[in-house]
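The file query_31.txt comes next; it holds compact mmCIF, C-alpha atoms.
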```txt
# COMPACT_ATOMS: atom_id res chain seq x y z
CA MET A 1 115.60 2.26 -135.86
CA ASP A 2 117.64 3.22 -132.79
CA PHE A 3 120.33 4.62 -135.06
CA LEU A 4 117.86 6.99 -136.76
CA ARG A 5 116.35 8.08 -133.45
CA ASN A 6 119.83 8.80 -132.00
CA LEU A 7 120.77 10.69 -135.14
CA LEU A 8 117.60 12.78 -134.88
CA ILE A 9 118.23 13.53 -131.20
CA ALA A 10 121.81 14.58 -131.98
CA ALA A 11 120.60 16.84 -134.79
CA VAL A 12 118.07 18.52 -132.50
CA ILE A 13 120.68 19.08 -129.79
CA LEU A 14 123.14 20.56 -132.29
CA SER A 15 120.51 22.85 -133.77
CA LEU A 16 119.49 24.10 -130.32
CA SER A 17 123.06 24.85 -129.36
CA SER A 18 123.53 27.00 -132.47
CA VAL A 19 120.52 29.15 -131.55
CA VAL A 20 122.15 30.56 -128.43
CA PRO A 21 123.05 34.17 -129.27
CA ALA A 22 126.44 35.65 -128.48
CA THR A 23 126.79 38.21 -125.72
CA PRO A 24 128.33 41.66 -126.24
CA ILE A 25 131.53 40.32 -124.68
CA ASP A 26 131.57 37.38 -127.13
CA THR A 27 131.27 39.79 -130.05
CA ALA A 28 134.02 41.99 -128.62
CA TRP A 29 136.29 38.94 -128.26
CA ASP A 30 135.52 38.00 -131.85
CA LEU A 31 136.60 41.48 -132.94
CA LEU A 32 139.87 41.11 -131.02
CA TYR A 33 140.46 37.72 -132.64
CA ALA A 34 139.71 39.21 -136.08
CA VAL A 35 142.26 41.97 -135.43
CA GLU A 36 144.84 39.51 -134.11
CA SER A 37 144.39 37.18 -137.10
CA ARG A 38 144.27 40.12 -139.55
CA ASP A 39 140.99 38.80 -140.98
CA GLY A 40 139.32 41.69 -142.79
CA GLN A 41 136.20 39.76 -143.76
CA TRP A 42 135.54 38.59 -140.20
CA PHE A 43 136.17 42.15 -139.01
CA LEU A 44 133.61 43.51 -141.50
CA ASP A 45 131.08 40.82 -140.60
CA LEU A 46 131.15 42.04 -136.99
CA MET A 47 130.34 45.64 -137.92
CA SER A 48 126.88 47.16 -137.67
CA GLU A 49 125.16 47.56 -141.03
CA SER A 50 125.58 51.35 -141.09
CA LEU A 51 129.26 51.12 -140.18
CA HIS A 52 129.85 48.38 -142.74
CA VAL A 53 128.26 50.58 -145.42
CA GLN A 54 130.46 53.53 -144.37
CA ILE A 55 133.60 51.41 -144.61
CA GLU A 56 132.57 50.12 -148.05
CA MET A 57 131.85 53.66 -149.28
CA ARG A 58 135.18 55.01 -148.01
CA PHE A 59 137.03 52.14 -149.65
CA GLU A 60 135.23 52.78 -152.96
CA GLN A 61 136.23 56.45 -152.70
CA LEU A 62 139.84 55.39 -152.15
CA GLN A 63 139.67 53.13 -155.21
CA GLU A 64 138.25 55.99 -157.30
CA LEU A 65 141.04 58.22 -156.06
CA ALA A 66 143.57 55.54 -157.02
CA GLU A 67 142.15 55.51 -160.55
CA ASN A 68 141.82 59.27 -160.99
CA GLU A 69 144.55 60.72 -158.77
CA PRO A 70 147.12 57.96 -158.20
CA ASP A 71 149.73 60.31 -156.70
CA MET A 72 147.30 61.55 -154.06
CA ALA A 73 146.14 58.00 -153.31
CA GLU A 74 149.78 56.89 -153.02
CA GLU A 75 150.39 59.63 -150.48
CA LEU A 76 147.34 58.58 -148.44
CA VAL A 77 148.43 54.93 -148.47
CA ARG A 78 151.94 55.89 -147.41
CA TYR A 79 150.60 58.21 -144.69
CA ALA A 80 148.48 55.32 -143.35
CA GLY A 81 151.62 53.19 -143.12
CA LEU A 82 150.28 50.50 -145.44
CA SER A 83 152.63 48.33 -147.46
CA ILE A 84 150.54 48.34 -150.63
CA THR A 85 150.72 50.20 -153.90
CA VAL A 86 148.01 52.29 -155.47
CA TYR A 87 147.65 49.61 -158.13
CA ASP A 88 146.97 47.03 -155.42
CA LEU A 89 143.93 49.09 -154.42
CA LEU A 90 142.38 48.59 -157.83
CA TRP A 91 142.01 44.82 -157.47
CA MET A 92 141.43 44.59 -153.72
CA THR A 93 138.11 44.03 -152.04
CA SER A 94 137.23 46.02 -148.95
CA ALA A 95 137.94 42.90 -146.86
CA ASP A 96 141.43 42.63 -148.44
CA PHE A 97 142.04 46.28 -147.65
CA ILE A 98 140.87 45.92 -144.05
CA SER A 99 143.21 42.93 -143.67
CA MET A 100 146.08 45.16 -144.78
CA VAL A 101 145.01 47.89 -142.36
CA LEU A 102 144.89 45.32 -139.57
CA GLU A 103 148.47 44.32 -140.43
CA SER A 104 149.54 47.75 -139.19
CA THR A 105 147.24 47.64 -136.16
CA SER A 106 148.77 46.47 -132.95
CA ILE A 107 147.14 45.59 -129.68
CA PRO A 108 148.80 43.93 -126.71
CA PRO A 109 148.65 40.12 -126.59
CA LEU A 110 145.15 38.86 -125.85
CA GLY A 111 146.57 36.52 -123.22
CA ASN A 112 147.43 39.59 -121.14
CA ILE A 113 143.82 40.73 -120.73
CA VAL A 114 143.07 40.88 -117.02
CA SER A 115 139.45 42.03 -117.08
CA GLU A 116 136.44 42.38 -119.29
CA GLU A 117 133.15 44.01 -118.48
CA ALA A 118 130.01 44.95 -120.31
CA SER A 119 127.41 47.53 -119.43
CA LEU A 120 124.06 47.23 -121.16
CA ASN A 121 121.67 50.02 -121.99
CA GLY A 122 118.72 48.64 -123.92
CA ARG A 123 119.90 47.46 -127.33
CA ASN A 124 123.36 48.98 -126.82
CA ALA A 125 126.32 47.90 -124.76
CA THR A 126 129.82 49.06 -123.97
CA VAL A 127 132.51 46.43 -123.50
CA VAL A 128 135.78 47.33 -121.79
CA PHE A 129 138.90 45.17 -121.89
CA LYS A 130 141.87 45.90 -119.64
CA TRP A 131 145.36 44.48 -120.08
CA SER A 132 147.97 43.90 -117.39
CA SER A 133 150.08 46.66 -118.97
CA GLY A 134 147.35 49.23 -118.24
CA TYR A 135 146.15 49.38 -121.85
CA SER A 136 142.38 49.39 -122.18
CA LEU A 137 139.99 49.16 -125.09
CA ASN A 138 136.35 50.24 -125.23
CA LEU A 139 133.97 48.82 -127.79
CA GLN A 140 130.41 49.93 -128.44
CA VAL A 141 128.06 47.23 -129.69
CA THR A 142 124.42 47.24 -130.68
CA TRP A 143 121.79 44.54 -131.06
CA GLU A 144 121.08 44.34 -134.78
CA GLU A 145 119.81 41.58 -137.06
CA SER A 146 119.52 39.16 -134.12
CA SER A 147 123.14 39.51 -133.04
CA TRP A 148 125.50 41.96 -131.41
CA LYS A 149 127.38 44.15 -133.90
CA VAL A 150 130.22 46.57 -133.30
CA ASN A 151 129.43 50.21 -133.96
CA GLY A 152 132.29 52.03 -132.28
CA SER A 153 135.85 51.59 -131.02
CA SER A 154 139.26 53.20 -131.18
CA ILE A 155 140.31 50.28 -133.41
CA LEU A 156 137.82 51.57 -135.98
CA GLU A 157 139.53 54.97 -136.07
CA ARG A 158 142.47 53.28 -137.81
CA VAL A 159 140.17 52.03 -140.56
CA PHE A 160 138.84 55.50 -141.32
```
Kindly transcribe the structure held in the file into structure tokens.
Amino acid sequence: MDFLRNLLIAAVILSLSSVVPATPIDTAWDLLYAVESRDGQWFLDLMSESLHVQIEMRFEQLQELAENEPDMAEELVRYAGLSITVYDLLWMTSADFISMVLESTSIPPLGNIVSEEASLNGRNATVVFKWSSGYSLNLQVTWEESSWKVNGSSILERVF
């Protein structure tokens, strides 16, 4: 009987700890880790719904271009500095594509971050990271679907 009671207590404690929502800074760190690990799916999961839809739509347009105008798509891929072919685009998912984009995205080592700060304004926040080299990164996040989601950053400009 003690075993079952202890198991139940452990289950309750674990379930309560998973309810604690992330802060805007936690979400921003997750985005940096997704960029560092080149994980396109994680990156997309951190985006606000509207931004995620925009990324999906742009990727679908790129796939259509690859089917209908492969030379133009090839030029766009080359211009973006991606090491993929137009034919690769036809089988890729948007997460695969974002992973490839993240391969060409560089940020200073995360271990060199010297400060992080968040300013909140209602359901929106701005998170600023500063590196020892002087590099800084601003991220805009919004409270959506019971979690903080990214809806703006210079890192996103590379995706579009």
- Best match for closeness to Ile55 (chain A) among A:Leu156, A:Ala34, A:Leu137, A:Met100, counting all atoms listed in the file: A:Leu156
- Query: Residues at most 9 Å from region 57-73 of chain A, counting all atoms listed in the file, excluding those fewer than 6 positions away in the same chain, as a list of chain:residue names?
  - Reply: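 The filter keeps A:Val86, A:Tyr87, A:Leu89, A:Leu90, A:Trp91, A:Met92, A:Thr93, A:Ser94, A:Phe97, A:Phe160.
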- Message: Taking all atoms listed in the file into account, name the residue in A:Ile113, A:Leu31, A:Leu102, A:Met47 that is nearest to Glu144 (chain A).
- Response: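 Nearest to Glu144 (chain A): A:Met47.
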- Item | Of the listed residues A:Ser146, A:Gln54, A:Ser83, A:Ser99, that which approaches Gln41 (chain A) most closely, counting only C-alpha atoms |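 Using only C-alpha atoms, Gln41 (chain A) sits closest to A:Ser99.
Going from CA of Val127 (chain A) to CA of Trp148 (chain A) covers 11.5 Å.
Look at region 22-27 of chain A: the protein and nucleic acid residues within 10 Å of it, using only C-alpha atoms and passing over chain neighbours fewer than 6 places away, are Tyr33, Leu46, Met47, Glu116, Glu117, Ala118, Ser119, Leu120, Asn124, Ala125, Thr126, Val127, Val128, Phe129, Leu139, Gln140, Val141, Thr142, Trp143, Ser146, Ser147, Trp148, Lys149 and Val150 of chain A.
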Selection above as a file: C-alpha atoms, as a PDB file, in the frame of the given file:
```
ATOM      1  CA  TYR A  33     140.460  37.720-132.640  1.00  0.00           C
ATOM      2  CA  LEU A  46     131.150  42.040-136.990  1.00  0.00           C
ATOM      3  CA  MET A  47     130.340  45.640-137.920  1.00  0.00           C
ATOM      4  CA  GLU A 116     136.440  42.380-119.290  1.00  0.00           C
ATOM      5  CA  GLU A 117     133.150  44.010-118.480  1.00  0.00           C
ATOM      6  CA  ALA A 118     130.010  44.950-120.310  1.00  0.00           C
ATOM      7  CA  SER A 119     127.410  47.530-119.430  1.00  0.00           C
ATOM      8  CA  LEU A 120     124.060  47.230-121.160  1.00  0.00           C
ATOM      9  CA  ASN A 124     123.360  48.980-126.820  1.00  0.00           C
ATOM     10  CA  ALA A 125     126.320  47.900-124.760  1.00  0.00           C
ATOM     11  CA  THR A 126     129.820  49.060-123.970  1.00  0.00           C
ATOM     12  CA  VAL A 127     132.510  46.430-123.500  1.00  0.00           C
ATOM     13  CA  VAL A 128     135.780  47.330-121.790  1.00  0.00           C
ATOM     14  CA  PHE A 129     138.900  45.170-121.890  1.00  0.00           C
ATOM     15  CA  LEU A 139     133.970  48.820-127.790  1.00  0.00           C
ATOM     16  CA  GLN A 140     130.410  49.930-128.440  1.00  0.00           C
ATOM     17  CA  VAL A 141     128.060  47.230-129.690  1.00  0.00           C
ATOM     18  CA  THR A 142     124.420  47.240-130.680  1.00  0.00           C
ATOM     19  CA  TRP A 143     121.790  44.540-131.060  1.00  0.00           C
ATOM     20  CA  SER A 146     119.520  39.160-134.120  1.00  0.00           C
ATOM     21  CA  SER A 147     123.140  39.510-133.040  1.00  0.00           C
ATOM     22  CA  TRP A 148     125.500  41.960-131.410  1.00  0.00           C
ATOM     23  CA  LYS A 149     127.380  44.150-133.900  1.00  0.00           C
ATOM     24  CA  VAL A 150     130.220  46.570-133.300  1.00  0.00           C
TER      25      VAL A 150
END
```
- What gap, in Å, lies between CA of Arg78 (chain A) and CA of Ile98 (chain A)?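 Pair CA of Arg78 (chain A) / CA of Ile98 (chain A) returns 15.3 Å.
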- Message: Within 9 Å of (147.1, 43.5, -139.7) in the file's own coordinates, which protein, DNA or RNA residues have an atom, counting only C-alpha atoms? List them as JSON, numbers by chain.
- Response: {"A": [35, 36, 37, 38, 39, 40, 98, 99, 100, 101, 102, 103, 104, 105, 106]}
- Could you work out how far CA of Ser133 (chain A) lies from CA of Ala80 (chain A), giving the answer in Å with one decimal? 25.9 Å
- Task: Please determine the residues with any atom at most 8 Å from (150.4, 43.7, -119.9) (coordinates as given in the file, with all atoms listed in the file counting) and report them as a PyMOL selection string.
- Result: chain A and resi 108-109+112-113+131-135
- Task: Name the closest residue to Arg123 (chain A) among the candidates A:Leu82, A:Asn138, A:Gly111, A:Glu145; distances are taken between atoms, counting only C-alpha atoms.
- Result: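 Of A:Leu82, A:Asn138, A:Gly111, A:Glu145, the one nearest Arg123 (chain A), counting only C-alpha atoms, is A:Glu145.
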